[in-house]
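Written below as structure tokens is the structure these notes are about.
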Amino acid sequence: MRHEIEYKLSPELAYDKERLNAFVKNKLGVAHEPEVFVRLLRRSVDARSKKVKVNVKVEVFVEESPDDLISYRKAYPNVKNADQAIVVGCGPAGMFAALRLIELGIKPIVLERGKDVRNRRRDLAAINKEHIVNPDSNYCFGEGGAGTYSDGKLYTRSKKRGDFRRILEIFVAHGASTEILVDAHPHIGTNKLPKVVAEMRESILAAGGEIHFDTRVEDFILKNGELKGVKNQNGDLIEGIGVILATGHSARDIFHLLLKKEIFIEQKPFALGVRVEHSQNLIDKIQYHCEDRGDYLPAAPYSLVTQSRYKGLQKGVFSFCMCPGGFMVPSATAPGEVVVNGMSPSRRDSQFANSGIVVSVDDEQLKAYQKHGPLAGMIFQKEIEQKSCKVAGGTQVAPAQKLVDFVNNKVSSSLLDSSYQPGLTSVAMDEFLPASIAQRLRIGFKDFGKKMRGYLTNEAQIVAVESRTSSPVKIPRDRESFEHVQIRRLFPCGEGAGYAGGIASAAMDGEKCAEKLVNLYASKKC
């Protein structure tokens, strides 16, 4: 006999497996029955009232063997001698595209400009400690893409784009915790993601696929409106039945190449702003209405959005990629830039909480950049990052300002401790942020202070610049075939092409692109 039951429980019960099992069995009157199995299906924190509760859904098997928690199996065909397709980029979109190609009988040739996760760590250490940015290996480029060294958040509102549960199960099959199948806002953690990504690589290689690191695509081979293949930095030609372009939103050279080859691209709205860092304890107090969240509740997140009116125009100001119990990292992809991002370990046990607070950027703010055509937003983004670097001293030290000081247009005489390893320097954000963004951020922070009492404080500080929120360029594709609107056999994919907004949505998009490519070209020869 199988039951599905929902409870509203204390954190102590919801997050302690043994206590939860005992509670459920007692409630059902089967505490002394030997063949009873309790499995957690869903868990979400409800902090709307002063006494925090956790919504829990369980399934109970009485005198019945439970079915498997996941249906996905790592059973891949050998595609060593099969037709091959090219996947440019080894981030979430590229890796999931490669695995799906294998399942469909196609050999993926994955080309990644950066290094594998192990060797990539040295370049990350060089950014943090020596302020050296390797343009091909950094927090954005390398095996697993920007997602590898991130919070690993898997929540998405784009579940209609694909099988979200399948994506989670693939992660679990490659070593992620089964808790991502349960929690309402699942995350893997920056400390766990590298191992998961490496396991996915091994699946691709074991099935006969190929992954080439330190391989940067520098040219597209076009013939009669078709993409026949690509050339790498050494001039080597790689051909396939199609190309899935999954390069991420920071591959500016690819956008330049597309424009040079007269492959149609478009300017796309994005967002830009700062990261705000509070103590996690303060965020816990605000969100959980208590002095100490205790041993069971997870580090509290938040999500904020408001509208700001500046010079008669209303635009959104919103939190982005909030990282509870996390830290900030330098995410520049070229020397002379300062870019900050956030991430969290699996336990989210840092003393800090950080979040991007960003403003929508669109045509109104890009009037002076229209000479750059579809790259207007990208050039604007790059210039802000370069100015941010210059005012902070030309290294990976980032400009910072205490939160209330920023709102009051005051340069901070001192700064707080921070999780940002390269260091901070006190700078007035108005030195490099356009007034339309800085003023909207001030309006936003004031409103957020009303929504979360205690949020607007000089015990928090902002760090700049948070600019890689999404791609400033869109690579248009047909809505049905996912093929580029102009070039056949080219499948723009994931965040860099403008079709995803995080690990899960990028993964689903990668799978869809693989399926579309196979449906169109698997039985044809180049």
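Just remember, in the structure tokens the first chain shown is A, the second B, etc., residues are 1-based per chain, and ligands are 1-based in the order shown.
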Pick out each residue of range 30-247 of chain A that DSSP on the backbone tags as strand (DSSP E); I need them as a PyMOL selection string.
chain A and resi 36-46+53-62+84-88+107-111+210-212+217-223+226-232+237-239+243-245
Prev. selection, N, CA and C atoms, output as a compact mmCIF listing (two decimals), in the first residue's frame:
# COMPACT_ATOMS: atom_id res chain seq x y z
N VAL A 36 7.82 -0.81 6.56
CA VAL A 36 7.28 0.51 6.22
C VAL A 36 8.45 1.39 5.77
N PHE A 37 8.28 2.01 4.62
CA PHE A 37 9.35 2.86 4.07
C PHE A 37 8.79 4.25 3.83
N VAL A 38 9.47 5.27 4.38
CA VAL A 38 9.05 6.66 4.23
C VAL A 38 10.06 7.38 3.32
N ARG A 39 9.54 8.04 2.29
CA ARG A 39 10.42 8.76 1.37
C ARG A 39 9.95 10.21 1.22
N LEU A 40 10.89 11.13 1.36
CA LEU A 40 10.59 12.55 1.21
C LEU A 40 10.46 12.90 -0.27
N LEU A 41 9.36 13.56 -0.63
CA LEU A 41 9.12 13.95 -2.01
C LEU A 41 9.34 15.45 -2.26
N ARG A 42 8.98 16.26 -1.28
CA ARG A 42 9.02 17.70 -1.48
C ARG A 42 9.24 18.40 -0.16
N ARG A 43 10.00 19.51 -0.20
CA ARG A 43 10.26 20.26 1.03
C ARG A 43 10.46 21.73 0.68
N SER A 44 9.74 22.60 1.37
CA SER A 44 9.88 24.04 1.13
C SER A 44 9.62 24.80 2.42
N VAL A 45 10.43 25.83 2.64
CA VAL A 45 10.31 26.64 3.86
C VAL A 45 9.21 27.67 3.68
N ASP A 46 8.37 27.80 4.69
CA ASP A 46 7.32 28.82 4.72
C ASP A 46 7.62 29.77 5.87
N LYS A 53 7.69 27.47 9.42
CA LYS A 53 7.32 26.08 9.22
C LYS A 53 7.89 25.59 7.89
N VAL A 54 7.90 24.29 7.73
CA VAL A 54 8.38 23.69 6.50
C VAL A 54 7.29 22.80 5.92
N ASN A 55 6.90 23.07 4.69
CA ASN A 55 5.93 22.23 4.00
C ASN A 55 6.63 20.98 3.47
N VAL A 56 6.10 19.84 3.84
CA VAL A 56 6.72 18.57 3.49
C VAL A 56 5.69 17.65 2.84
N LYS A 57 6.13 16.98 1.80
CA LYS A 57 5.30 15.95 1.16
C LYS A 57 6.09 14.65 1.17
N VAL A 58 5.48 13.60 1.68
CA VAL A 58 6.16 12.30 1.75
C VAL A 58 5.30 11.24 1.09
N GLU A 59 5.95 10.15 0.70
CA GLU A 59 5.21 8.96 0.28
C GLU A 59 5.61 7.82 1.20
N VAL A 60 4.63 7.04 1.57
CA VAL A 60 4.84 5.95 2.53
C VAL A 60 4.44 4.63 1.87
N PHE A 61 5.33 3.66 1.94
CA PHE A 61 5.08 2.32 1.39
C PHE A 61 4.90 1.36 2.56
N VAL A 62 3.73 0.76 2.66
CA VAL A 62 3.44 -0.20 3.72
C VAL A 62 3.30 -1.59 3.10
N GLN A 84 29.01 12.55 -36.67
CA GLN A 84 29.36 13.44 -35.59
C GLN A 84 28.74 14.82 -35.74
N ALA A 85 28.43 15.42 -34.59
CA ALA A 85 27.95 16.80 -34.53
C ALA A 85 28.88 17.58 -33.63
N ILE A 86 29.03 18.85 -33.93
CA ILE A 86 29.94 19.71 -33.17
C ILE A 86 29.16 20.46 -32.10
N VAL A 87 29.70 20.48 -30.89
CA VAL A 87 29.13 21.26 -29.79
C VAL A 87 30.21 22.25 -29.35
N VAL A 88 29.94 23.53 -29.53
CA VAL A 88 30.91 24.56 -29.16
C VAL A 88 30.55 25.09 -27.78
N LYS A 107 27.67 11.09 -32.48
CA LYS A 107 28.91 11.33 -31.75
C LYS A 107 29.13 12.83 -31.57
N PRO A 108 29.19 13.30 -30.34
CA PRO A 108 29.46 14.73 -30.11
C PRO A 108 30.95 15.02 -30.12
N ILE A 109 31.33 16.09 -30.78
CA ILE A 109 32.70 16.62 -30.71
C ILE A 109 32.58 17.95 -29.98
N VAL A 110 32.94 17.95 -28.71
CA VAL A 110 32.78 19.13 -27.86
C VAL A 110 34.08 19.93 -27.87
N LEU A 111 33.97 21.19 -28.21
CA LEU A 111 35.12 22.09 -28.27
C LEU A 111 35.00 23.13 -27.16
N GLU A 210 33.88 12.96 -27.96
CA GLU A 210 35.16 13.63 -27.78
C GLU A 210 34.96 14.99 -27.12
N ILE A 211 35.91 15.35 -26.25
CA ILE A 211 35.93 16.69 -25.66
C ILE A 211 37.35 17.23 -25.83
N HIS A 212 37.47 18.37 -26.46
CA HIS A 212 38.77 18.98 -26.70
C HIS A 212 38.86 20.29 -25.90
N VAL A 217 37.24 28.22 -30.90
CA VAL A 217 36.72 28.35 -32.27
C VAL A 217 36.98 29.77 -32.76
N GLU A 218 37.63 29.87 -33.92
CA GLU A 218 37.97 31.19 -34.45
C GLU A 218 37.38 31.46 -35.84
N ASP A 219 36.74 30.43 -36.43
CA ASP A 219 36.12 30.68 -37.74
C ASP A 219 35.01 29.67 -37.99
N PHE A 220 34.02 30.10 -38.75
CA PHE A 220 32.93 29.23 -39.20
C PHE A 220 33.12 28.96 -40.69
N ILE A 221 32.93 27.73 -41.10
CA ILE A 221 33.06 27.35 -42.50
C ILE A 221 31.66 27.28 -43.11
N LEU A 222 31.37 28.24 -43.96
CA LEU A 222 30.04 28.37 -44.56
C LEU A 222 30.10 28.03 -46.05
N LYS A 223 29.06 27.35 -46.51
CA LYS A 223 28.94 27.03 -47.94
C LYS A 223 27.48 26.93 -48.31
N GLU A 226 24.98 27.04 -45.51
CA GLU A 226 25.06 25.99 -44.50
C GLU A 226 26.36 26.12 -43.72
N LEU A 227 26.32 25.78 -42.45
CA LEU A 227 27.52 25.74 -41.63
C LEU A 227 28.11 24.34 -41.72
N LYS A 228 29.23 24.22 -42.42
CA LYS A 228 29.83 22.91 -42.68
C LYS A 228 30.77 22.46 -41.55
N GLY A 229 31.28 23.44 -40.80
CA GLY A 229 32.20 23.10 -39.74
C GLY A 229 32.81 24.35 -39.13
N VAL A 230 33.83 24.15 -38.29
CA VAL A 230 34.49 25.27 -37.63
C VAL A 230 36.00 25.08 -37.69
N LYS A 231 36.72 26.17 -37.50
CA LYS A 231 38.18 26.10 -37.39
C LYS A 231 38.60 26.57 -36.01
N ASN A 232 39.60 25.90 -35.44
CA ASN A 232 40.10 26.31 -34.14
C ASN A 232 41.27 27.27 -34.29
N LEU A 237 40.37 22.16 -39.14
CA LEU A 237 38.97 22.13 -39.55
C LEU A 237 38.27 20.96 -38.88
N ILE A 238 37.15 21.22 -38.22
CA ILE A 238 36.33 20.17 -37.62
C ILE A 238 34.97 20.24 -38.27
N GLU A 239 34.52 19.13 -38.86
CA GLU A 239 33.26 19.10 -39.58
C GLU A 239 32.25 18.19 -38.87
N VAL A 243 26.11 22.12 -36.02
CA VAL A 243 26.87 22.78 -34.96
C VAL A 243 25.90 23.35 -33.93
N ILE A 244 26.05 22.91 -32.69
CA ILE A 244 25.31 23.50 -31.57
C ILE A 244 26.22 24.54 -30.93
N LEU A 245 25.83 25.79 -31.02
CA LEU A 245 26.66 26.90 -30.52
C LEU A 245 26.21 27.24 -29.11
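The residues of range 121-249 of chain A that DSSP classifies as alpha helix (DSSP H), using the backbone of this structure, are A:Arg121, A:Arg122, A:Asp123, A:Leu124, A:Ala125, A:Phe164, A:Arg165, A:Arg166, A:Ile167, A:Leu168, A:Glu169, A:Ile170, A:Phe171, A:Val172, A:Ala173, A:Leu193, A:Pro194, A:Lys195, A:Val196, A:Val197, A:Ala198, A:Glu199, A:Met200, A:Arg201, A:Glu202, A:Ser203, A:Ile204, A:Leu205, A:Ala206.
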Please produce a file of those selected residues containing N, CA and C atoms, as a short mmCIF file (atom, residue, chain, number, x, y, z; two decimals), in the first residue's frame.
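And here is the file that came out, out_20.cif:
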data_model
loop_
_atom_site.label_atom_id
_atom_site.label_comp_id
_atom_site.auth_asym_id
_atom_site.auth_seq_id
_atom_site.Cartn_x
_atom_site.Cartn_y
_atom_site.Cartn_z
N ARG A 121 41.38 25.25 -11.91
CA ARG A 121 41.51 25.81 -10.55
C ARG A 121 42.74 26.70 -10.40
N ARG A 122 43.81 26.35 -11.11
CA ARG A 122 45.03 27.15 -11.01
C ARG A 122 44.79 28.56 -11.54
N ASP A 123 44.00 28.66 -12.62
CA ASP A 123 43.73 29.97 -13.19
C ASP A 123 42.79 30.77 -12.29
N LEU A 124 41.89 30.09 -11.59
CA LEU A 124 41.02 30.79 -10.65
C LEU A 124 41.84 31.31 -9.47
N ALA A 125 42.80 30.52 -9.02
CA ALA A 125 43.68 30.97 -7.93
C ALA A 125 44.50 32.18 -8.38
N PHE A 164 12.29 19.04 -16.76
CA PHE A 164 13.09 19.54 -15.65
C PHE A 164 13.49 18.41 -14.71
N ARG A 165 12.58 17.50 -14.43
CA ARG A 165 12.90 16.37 -13.55
C ARG A 165 14.02 15.53 -14.15
N ARG A 166 13.97 15.33 -15.46
CA ARG A 166 15.03 14.56 -16.13
C ARG A 166 16.40 15.21 -15.92
N ILE A 167 16.46 16.54 -16.03
CA ILE A 167 17.73 17.25 -15.83
C ILE A 167 18.26 16.99 -14.43
N LEU A 168 17.38 17.08 -13.44
CA LEU A 168 17.79 16.83 -12.06
C LEU A 168 18.30 15.39 -11.89
N GLU A 169 17.60 14.44 -12.51
CA GLU A 169 17.99 13.05 -12.37
C GLU A 169 19.33 12.76 -13.04
N ILE A 170 19.62 13.44 -14.14
CA ILE A 170 20.92 13.27 -14.78
C ILE A 170 22.02 13.77 -13.85
N PHE A 171 21.78 14.89 -13.19
CA PHE A 171 22.76 15.38 -12.21
C PHE A 171 22.95 14.36 -11.09
N VAL A 172 21.85 13.81 -10.58
CA VAL A 172 21.96 12.81 -9.50
C VAL A 172 22.71 11.58 -9.98
N ALA A 173 22.43 11.14 -11.20
CA ALA A 173 23.11 9.97 -11.76
C ALA A 173 24.61 10.19 -11.88
N LEU A 193 29.97 20.75 -7.54
CA LEU A 193 29.77 20.78 -8.99
C LEU A 193 30.96 20.28 -9.81
N PRO A 194 32.20 20.62 -9.45
CA PRO A 194 33.31 20.12 -10.27
C PRO A 194 33.33 18.60 -10.41
N LYS A 195 33.05 17.88 -9.34
CA LYS A 195 33.04 16.41 -9.43
C LYS A 195 31.90 15.92 -10.31
N VAL A 196 30.74 16.55 -10.20
CA VAL A 196 29.59 16.16 -11.03
C VAL A 196 29.92 16.40 -12.50
N VAL A 197 30.49 17.56 -12.79
CA VAL A 197 30.85 17.91 -14.17
C VAL A 197 31.88 16.91 -14.71
N ALA A 198 32.86 16.54 -13.90
CA ALA A 198 33.88 15.58 -14.34
C ALA A 198 33.25 14.22 -14.63
N GLU A 199 32.25 13.82 -13.85
CA GLU A 199 31.56 12.56 -14.09
C GLU A 199 30.78 12.61 -15.41
N MET A 200 30.19 13.75 -15.72
CA MET A 200 29.49 13.89 -16.99
C MET A 200 30.48 13.80 -18.16
N ARG A 201 31.64 14.40 -17.99
CA ARG A 201 32.68 14.28 -19.01
C ARG A 201 33.03 12.81 -19.26
N GLU A 202 33.19 12.05 -18.18
CA GLU A 202 33.54 10.64 -18.32
C GLU A 202 32.46 9.87 -19.06
N SER A 203 31.19 10.21 -18.84
CA SER A 203 30.10 9.55 -19.56
C SER A 203 30.20 9.81 -21.06
N ILE A 204 30.52 11.07 -21.41
CA ILE A 204 30.64 11.43 -22.82
C ILE A 204 31.80 10.68 -23.47
N LEU A 205 32.94 10.65 -22.80
CA LEU A 205 34.12 9.98 -23.36
C LEU A 205 33.93 8.46 -23.43
N ALA A 206 33.33 7.88 -22.39
CA ALA A 206 33.15 6.43 -22.36
C ALA A 206 32.24 5.94 -23.49
#
Selection: 10 Å around Gln401 in chain A, only C-alpha atoms, excl. self and same-chain fewer than 2 positions, as a PyMOL selection string
chain A and resi 276+399+403-407+409-416+424-429+458+460-464
When you look at Cys140 in chain A with a cut-off of 8 Å (counting only C-alpha atoms), what residues show up, excluding the ones that are within fewer than 2 positions of it in the same chain? I need them as a PDB file with N, CA and C atoms, in the first residue's frame.
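Contents of the output file result-v1.pdb:
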ATOM      1  N   SER A 137      40.553  30.823 -19.627  1.00  0.00           N
ATOM      2  CA  SER A 137      40.306  29.964 -18.470  1.00  0.00           C
ATOM      3  C   SER A 137      40.102  30.841 -17.249  1.00  0.00           C
ATOM      4  N   ASN A 138      38.874  30.894 -16.770  1.00  0.00           N
ATOM      5  CA  ASN A 138      38.509  31.798 -15.683  1.00  0.00           C
ATOM      6  C   ASN A 138      37.202  31.317 -15.061  1.00  0.00           C
ATOM      7  N   GLY A 142      35.708  27.367 -19.274  1.00  0.00           N
ATOM      8  CA  GLY A 142      36.309  26.128 -18.814  1.00  0.00           C
ATOM      9  C   GLY A 142      35.237  25.073 -18.677  1.00  0.00           C
ATOM     10  N   GLY A 145      31.518  25.466 -17.751  1.00  0.00           N
ATOM     11  CA  GLY A 145      31.147  26.866 -17.940  1.00  0.00           C
ATOM     12  C   GLY A 145      31.089  27.635 -16.639  1.00  0.00           C
ATOM     13  N   ALA A 146      30.367  28.751 -16.668  1.00  0.00           N
ATOM     14  CA  ALA A 146      30.223  29.577 -15.463  1.00  0.00           C
ATOM     15  C   ALA A 146      29.479  28.831 -14.369  1.00  0.00           C
ATOM     16  N   GLY A 147      28.672  27.841 -14.752  1.00  0.00           N
ATOM     17  CA  GLY A 147      27.882  27.101 -13.772  1.00  0.00           C
ATOM     18  C   GLY A 147      28.696  26.244 -12.836  1.00  0.00           C
ATOM     19  N   SER A 250      29.426  35.249 -22.208  1.00  0.00           N
ATOM     20  CA  SER A 250      30.641  36.057 -22.094  1.00  0.00           C
ATOM     21  C   SER A 250      31.600  35.871 -23.267  1.00  0.00           C
ATOM     22  N   SER A 331      34.885  37.703 -11.857  1.00  0.00           N
ATOM     23  CA  SER A 331      34.431  36.978 -13.045  1.00  0.00           C
ATOM     24  C   SER A 331      34.765  37.675 -14.349  1.00  0.00           C
ATOM     25  N   ALA A 332      35.824  38.463 -14.351  1.00  0.00           N
ATOM     26  CA  ALA A 332      36.279  39.084 -15.598  1.00  0.00           C
ATOM     27  C   ALA A 332      36.773  38.010 -16.552  1.00  0.00           C
ATOM     28  N   THR A 333      36.665  38.294 -17.860  1.00  0.00           N
ATOM     29  CA  THR A 333      37.164  37.357 -18.865  1.00  0.00           C
ATOM     30  C   THR A 333      38.285  37.966 -19.698  1.00  0.00           C
TER      31      THR A 333
END
